[in-house]
file structure.txt (compact mmCIF, N, CA and C atoms)
# COMPACT_ATOMS: atom_id res chain seq x y z
N MET F 425 96.40 169.41 106.97
CA MET F 425 97.62 170.03 106.51
C MET F 425 97.90 169.64 105.06
N LEU F 426 97.67 168.39 104.69
CA LEU F 426 97.92 167.94 103.33
C LEU F 426 97.04 168.70 102.34
N THR F 427 95.77 168.87 102.66
CA THR F 427 94.85 169.59 101.78
C THR F 427 95.30 171.03 101.59
N ALA F 428 95.71 171.68 102.66
CA ALA F 428 96.17 173.07 102.58
C ALA F 428 97.43 173.17 101.72
N TYR F 429 98.34 172.20 101.87
CA TYR F 429 99.58 172.20 101.09
C TYR F 429 99.28 172.03 99.61
N LEU F 430 98.41 171.08 99.27
CA LEU F 430 98.05 170.85 97.88
C LEU F 430 97.37 172.08 97.28
N ALA F 431 96.48 172.70 98.03
CA ALA F 431 95.80 173.90 97.53
C ALA F 431 96.78 175.04 97.31
N ALA F 432 97.72 175.21 98.23
CA ALA F 432 98.73 176.27 98.08
C ALA F 432 99.59 176.02 96.85
N ALA F 433 99.99 174.78 96.66
CA ALA F 433 100.81 174.45 95.48
C ALA F 433 100.04 174.73 94.20
N MET F 434 98.77 174.37 94.16
CA MET F 434 97.97 174.60 92.95
C MET F 434 97.81 176.09 92.66
N ARG F 435 97.85 176.92 93.68
CA ARG F 435 97.77 178.38 93.45
C ARG F 435 99.03 178.89 92.75
N HIS F 436 100.11 178.12 92.80
CA HIS F 436 101.35 178.51 92.14
C HIS F 436 101.45 177.98 90.71
N ALA F 437 100.43 177.24 90.28
CA ALA F 437 100.45 176.64 88.94
C ALA F 437 100.48 177.71 87.86
N ARG F 438 101.19 177.40 86.80
CA ARG F 438 101.29 178.27 85.62
C ARG F 438 100.83 177.47 84.42
N TYR F 439 100.04 178.10 83.56
CA TYR F 439 99.48 177.43 82.40
C TYR F 439 99.81 178.20 81.13
N GLU F 440 99.91 177.45 80.02
CA GLU F 440 100.10 178.09 78.73
C GLU F 440 99.46 177.20 77.66
N ILE F 441 99.13 177.81 76.54
CA ILE F 441 98.62 177.07 75.40
C ILE F 441 99.80 176.80 74.48
N LEU F 442 99.98 175.54 74.14
CA LEU F 442 101.09 175.16 73.27
C LEU F 442 100.73 175.43 71.81
N ALA F 443 101.58 176.17 71.14
CA ALA F 443 101.31 176.60 69.76
C ALA F 443 101.22 175.42 68.80
N GLU F 444 102.04 174.40 69.01
CA GLU F 444 102.09 173.30 68.03
C GLU F 444 100.82 172.47 67.95
N ASP F 445 100.07 172.34 69.06
CA ASP F 445 98.86 171.52 69.00
C ASP F 445 97.67 172.14 69.74
N ALA F 446 97.82 173.36 70.23
CA ALA F 446 96.75 174.11 70.91
C ALA F 446 96.24 173.41 72.17
N THR F 447 97.08 172.55 72.78
CA THR F 447 96.71 171.96 74.06
C THR F 447 97.22 172.84 75.19
N PHE F 448 96.75 172.56 76.38
CA PHE F 448 97.15 173.33 77.56
C PHE F 448 98.23 172.57 78.32
N TYR F 449 99.25 173.31 78.71
CA TYR F 449 100.36 172.77 79.50
C TYR F 449 100.35 173.49 80.83
N GLY F 450 100.49 172.75 81.91
CA GLY F 450 100.55 173.36 83.24
C GLY F 450 101.69 172.78 84.04
N GLU F 451 102.25 173.60 84.91
CA GLU F 451 103.31 173.14 85.80
C GLU F 451 103.29 173.95 87.08
N ILE F 452 103.93 173.39 88.10
CA ILE F 452 104.10 174.08 89.37
C ILE F 452 105.60 174.22 89.56
N PRO F 453 106.14 175.41 89.31
CA PRO F 453 107.60 175.58 89.33
C PRO F 453 108.28 175.13 90.62
N GLU F 454 107.65 175.29 91.74
CA GLU F 454 108.25 174.91 93.02
C GLU F 454 108.35 173.39 93.19
N CYS F 455 107.54 172.67 92.44
CA CYS F 455 107.47 171.21 92.57
C CYS F 455 108.09 170.59 91.33
N ARG F 456 109.36 170.36 91.39
CA ARG F 456 110.13 169.90 90.23
C ARG F 456 109.53 168.63 89.63
N GLY F 457 109.23 168.70 88.34
CA GLY F 457 108.71 167.55 87.63
C GLY F 457 107.21 167.42 87.62
N VAL F 458 106.50 168.30 88.31
CA VAL F 458 105.05 168.22 88.34
C VAL F 458 104.50 169.06 87.19
N SER F 459 103.95 168.35 86.19
CA SER F 459 103.40 169.03 85.03
C SER F 459 102.26 168.20 84.45
N ALA F 460 101.51 168.82 83.55
CA ALA F 460 100.39 168.14 82.90
C ALA F 460 100.15 168.77 81.54
N ASN F 461 99.49 168.01 80.68
CA ASN F 461 99.14 168.49 79.35
C ASN F 461 97.79 167.88 78.99
N ALA F 462 96.86 168.71 78.53
CA ALA F 462 95.52 168.21 78.19
C ALA F 462 94.86 169.12 77.15
N ALA F 463 93.77 168.65 76.60
CA ALA F 463 93.08 169.37 75.54
C ALA F 463 92.38 170.64 76.03
N THR F 464 91.94 170.65 77.28
CA THR F 464 91.25 171.83 77.82
C THR F 464 91.96 172.30 79.09
N LEU F 465 91.72 173.55 79.45
CA LEU F 465 92.33 174.09 80.66
C LEU F 465 91.84 173.34 81.89
N GLU F 466 90.55 173.05 81.95
CA GLU F 466 90.01 172.34 83.12
C GLU F 466 90.61 170.94 83.24
N ALA F 467 90.73 170.25 82.12
CA ALA F 467 91.33 168.91 82.14
C ALA F 467 92.80 168.99 82.56
N CYS F 468 93.49 170.03 82.13
CA CYS F 468 94.88 170.23 82.51
C CYS F 468 94.99 170.46 84.01
N ARG F 469 94.10 171.28 84.56
CA ARG F 469 94.10 171.54 86.01
C ARG F 469 93.87 170.25 86.79
N GLU F 470 92.91 169.45 86.35
CA GLU F 470 92.61 168.20 87.04
C GLU F 470 93.80 167.25 86.98
N GLU F 471 94.40 167.12 85.81
CA GLU F 471 95.57 166.24 85.67
C GLU F 471 96.74 166.75 86.51
N LEU F 472 96.92 168.07 86.54
CA LEU F 472 98.00 168.64 87.34
C LEU F 472 97.79 168.37 88.82
N ALA F 473 96.55 168.50 89.30
CA ALA F 473 96.25 168.23 90.71
C ALA F 473 96.52 166.77 91.06
N GLU F 474 96.16 165.85 90.16
CA GLU F 474 96.41 164.43 90.40
C GLU F 474 97.91 164.13 90.41
N THR F 475 98.62 164.74 89.48
CA THR F 475 100.08 164.54 89.42
C THR F 475 100.74 165.09 90.68
N LEU F 476 100.31 166.26 91.13
CA LEU F 476 100.84 166.85 92.35
C LEU F 476 100.61 165.94 93.55
N GLU F 477 99.40 165.42 93.69
CA GLU F 477 99.09 164.55 94.81
C GLU F 477 99.97 163.30 94.80
N ASP F 478 100.11 162.68 93.64
CA ASP F 478 100.98 161.50 93.52
C ASP F 478 102.42 161.84 93.87
N TRP F 479 102.90 162.98 93.39
CA TRP F 479 104.27 163.43 93.64
C TRP F 479 104.52 163.64 95.14
N VAL F 480 103.57 164.29 95.81
CA VAL F 480 103.70 164.54 97.25
C VAL F 480 103.70 163.22 98.02
N LEU F 481 102.76 162.35 97.73
CA LEU F 481 102.68 161.08 98.46
C LEU F 481 103.92 160.21 98.23
N LEU F 482 104.40 160.16 97.00
CA LEU F 482 105.61 159.39 96.72
C LEU F 482 106.82 160.00 97.43
N SER F 483 106.92 161.32 97.43
CA SER F 483 108.02 161.99 98.11
C SER F 483 107.99 161.70 99.61
N LEU F 484 106.81 161.75 100.21
CA LEU F 484 106.70 161.45 101.63
C LEU F 484 107.04 160.00 101.91
N HIS F 485 106.56 159.10 101.05
CA HIS F 485 106.84 157.68 101.22
C HIS F 485 108.35 157.40 101.18
N ARG F 486 109.04 158.12 100.30
CA ARG F 486 110.48 157.94 100.15
C ARG F 486 111.29 158.82 101.10
N ASN F 487 110.58 159.53 101.97
CA ASN F 487 111.20 160.43 102.94
C ASN F 487 112.06 161.50 102.26
N LEU F 488 111.59 162.00 101.11
CA LEU F 488 112.27 163.08 100.40
C LEU F 488 111.72 164.41 100.89
N SER F 489 112.55 165.42 100.87
CA SER F 489 112.09 166.74 101.32
C SER F 489 111.20 167.37 100.25
N LEU F 490 110.21 168.09 100.71
CA LEU F 490 109.29 168.82 99.85
C LEU F 490 109.53 170.31 100.02
N PRO F 491 109.28 171.09 98.98
CA PRO F 491 109.48 172.53 99.11
C PRO F 491 108.46 173.16 100.06
N THR F 492 108.88 174.19 100.74
CA THR F 492 107.95 174.98 101.55
C THR F 492 107.16 175.84 100.57
N ILE F 493 105.85 175.81 100.70
CA ILE F 493 104.98 176.59 99.83
C ILE F 493 104.07 177.43 100.70
N ASP F 494 104.13 178.74 100.52
CA ASP F 494 103.32 179.68 101.31
C ASP F 494 103.43 179.38 102.81
N SER F 495 104.63 179.16 103.28
CA SER F 495 104.95 178.88 104.69
C SER F 495 104.44 177.52 105.17
N LEU F 496 104.00 176.67 104.26
CA LEU F 496 103.53 175.34 104.64
C LEU F 496 104.61 174.31 104.34
N GLU F 497 104.87 173.45 105.33
CA GLU F 497 105.86 172.39 105.18
C GLU F 497 105.22 171.05 105.49
N LEU F 498 105.56 170.05 104.68
CA LEU F 498 105.13 168.68 104.96
C LEU F 498 106.37 167.86 105.24
N THR F 499 106.37 167.19 106.36
CA THR F 499 107.50 166.32 106.71
C THR F 499 106.97 165.05 107.37
N VAL F 500 107.79 164.03 107.33
CA VAL F 500 107.44 162.78 108.00
C VAL F 500 108.27 162.70 109.26
N ARG F 501 107.59 162.51 110.37
CA ARG F 501 108.29 162.35 111.64
C ARG F 501 108.21 160.89 112.06
N LYS F 502 109.35 160.34 112.32
CA LYS F 502 109.39 158.97 112.79
C LYS F 502 109.55 158.98 114.29
N GLU F 503 108.64 158.30 114.96
CA GLU F 503 108.71 158.23 116.41
C GLU F 503 108.92 156.79 116.82
N ALA F 504 109.62 156.61 117.88
CA ALA F 504 109.88 155.27 118.40
C ALA F 504 108.58 154.66 118.91
N ALA F 505 108.40 153.39 118.63
CA ALA F 505 107.21 152.68 119.14
C ALA F 505 107.36 152.46 120.63
N VAL F 506 106.26 152.61 121.32
CA VAL F 506 106.27 152.45 122.77
C VAL F 506 105.65 151.14 123.14
call {"tool": "encode", "arguments": {"input": "structure.txt", "output": "structure tokens"}}
result
Amino acid sequence: MLTAYLAAAMRHARYEILAEDATFYGEIPECRGVSANAATLEACREELAETLEDWVLLSLHRNLSLPTIDSLELTVRKEAAV
């Protein structure tokens, strides 16, 4: 499920070339604060994927809600120990 969620989020990524330094900027609008900047488009994609993964894991660790992306939801369920 995590892999599918990350892949779906990456499909929503938007990229642009920044005029001031000709680097690539990428972000995932649904994932607030997830962005990257790099010299090449491929490097930007890789950095964005790493940032997304860190953001998702930190959000889950802190029990924060994540956006639904392409009908995929990630949640933490706490169950009582038996």
call {"tool": "closest_residue", "arguments": {"input": "structure.txt", "among": "F:Glu471, F:Met425, F:His485, F:Thr464", "to": "Glu497 (chain F)", "atoms": "all atoms listed in the file"}}
result
F:Met425
call {"tool": "atom_distance", "arguments": {"input": "structure.txt", "atom1": "atom N of Thr475 (chain F)", "atom2": "atom N of Glu503 (chain F)"}}
result
28.1 Å
call {"tool": "select_by_dssp", "arguments": {"input": "structure.txt", "residues": "chain F", "states": "helix (DSSP H, G or I)", "output": "MDAnalysis selection string"}}
result
chainID F and resid 426:435 465:485
call {"tool": "atom_distance", "arguments": {"input": "structure.txt", "atom1": "CA of Ala446 (chain F)", "atom2": "CA of Ser459 (chain F)"}}
result
16.4 Å
call {"tool": "closest_residue", "arguments": {"input": "structure.txt", "among": "F:Glu477, F:Ile452, F:Thr447, F:Ser489", "to": "Ala428 (chain F)", "atoms": "only C-alpha atoms"}}
result
F:Glu477
call {"tool": "atom_distance", "arguments": {"input": "structure.txt", "atom1": "CA of Arg435 (chain F)", "atom2": "CA of Leu482 (chain F)"}}
result
20.8 Å
call {"tool": "residues_around", "arguments": {"input": "structure.txt", "residues": "Asp494 (chain F)", "least_positions_apart": "4", "cutoff": "9 Å", "atoms": "only C-alpha atoms", "output": "list in words"}}
result
Tyr429, Ala432 and Ala433 of chain F
call {"tool": "residues_around", "arguments": {"input": "structure.txt", "residues": "Tyr439 (chain F)", "least_positions_apart": "4", "cutoff": "7 Å", "atoms": "all atoms listed in the file", "output": "ChimeraX atom specification"}}
result
/F:448-451
call {"tool": "closest_residue", "arguments": {"input": "structure.txt", "among": "F:Glu444, F:Asp478, F:Glu470, F:Glu454", "to": "Thr492 (chain F)", "atoms": "only N, CA and C atoms"}}
result
F:Glu454
call {"tool": "decode", "arguments": {"input": "structure.txt", "residues": "region 446-459 of chain F", "atoms": "N, CA and C atoms", "output": "PDB file, in the first residue's frame"}}
result
ATOM      1  N   ALA F 446      18.019  28.472 -13.859  1.00  0.00           N
ATOM      2  CA  ALA F 446      17.814  27.351 -14.791  1.00  0.00           C
ATOM      3  C   ALA F 446      17.824  25.988 -14.105  1.00  0.00           C
ATOM      4  N   THR F 447      17.511  25.951 -12.800  1.00  0.00           N
ATOM      5  CA  THR F 447      17.376  24.672 -12.120  1.00  0.00           C
ATOM      6  C   THR F 447      15.924  24.208 -12.205  1.00  0.00           C
ATOM      7  N   PHE F 448      15.705  22.967 -11.849  1.00  0.00           N
ATOM      8  CA  PHE F 448      14.361  22.393 -11.890  1.00  0.00           C
ATOM      9  C   PHE F 448      13.762  22.404 -10.488  1.00  0.00           C
ATOM     10  N   TYR F 449      12.514  22.822 -10.427  1.00  0.00           N
ATOM     11  CA  TYR F 449      11.755  22.850  -9.180  1.00  0.00           C
ATOM     12  C   TYR F 449      10.587  21.897  -9.345  1.00  0.00           C
ATOM     13  N   GLY F 450      10.349  21.062  -8.344  1.00  0.00           N
ATOM     14  CA  GLY F 450       9.217  20.145  -8.383  1.00  0.00           C
ATOM     15  C   GLY F 450       8.451  20.180  -7.079  1.00  0.00           C
ATOM     16  N   GLU F 451       7.157  19.945  -7.172  1.00  0.00           N
ATOM     17  CA  GLU F 451       6.324  19.880  -5.982  1.00  0.00           C
ATOM     18  C   GLU F 451       5.143  18.962  -6.237  1.00  0.00           C
ATOM     19  N   ILE F 452       4.537  18.519  -5.143  1.00  0.00           N
ATOM     20  CA  ILE F 452       3.324  17.715  -5.210  1.00  0.00           C
ATOM     21  C   ILE F 452       2.263  18.531  -4.483  1.00  0.00           C
ATOM     22  N   PRO F 453       1.375  19.185  -5.226  1.00  0.00           N
ATOM     23  CA  PRO F 453       0.415  20.102  -4.608  1.00  0.00           C
ATOM     24  C   PRO F 453      -0.423  19.490  -3.488  1.00  0.00           C
ATOM     25  N   GLU F 454      -0.777  18.241  -3.596  1.00  0.00           N
ATOM     26  CA  GLU F 454      -1.615  17.591  -2.584  1.00  0.00           C
ATOM     27  C   GLU F 454      -0.859  17.358  -1.266  1.00  0.00           C
ATOM     28  N   CYS F 455       0.460  17.353  -1.342  1.00  0.00           N
ATOM     29  CA  CYS F 455       1.295  17.057  -0.177  1.00  0.00           C
ATOM     30  C   CYS F 455       1.994  18.338   0.251  1.00  0.00           C
ATOM     31  N   ARG F 456       1.360  19.065   1.108  1.00  0.00           N
ATOM     32  CA  ARG F 456       1.828  20.387   1.515  1.00  0.00           C
ATOM     33  C   ARG F 456       3.266  20.349   2.032  1.00  0.00           C
ATOM     34  N   GLY F 457       4.106  21.159   1.416  1.00  0.00           N
ATOM     35  CA  GLY F 457       5.494  21.262   1.839  1.00  0.00           C
ATOM     36  C   GLY F 457       6.448  20.314   1.161  1.00  0.00           C
ATOM     37  N   VAL F 458       5.950  19.427   0.312  1.00  0.00           N
ATOM     38  CA  VAL F 458       6.825  18.481  -0.374  1.00  0.00           C
ATOM     39  C   VAL F 458       7.286  19.115  -1.679  1.00  0.00           C
ATOM     40  N   SER F 459       8.580  19.470  -1.712  1.00  0.00           N
ATOM     41  CA  SER F 459       9.141  20.096  -2.904  1.00  0.00           C
ATOM     42  C   SER F 459      10.616  19.739  -3.013  1.00  0.00           C
TER      43      SER F 459
END
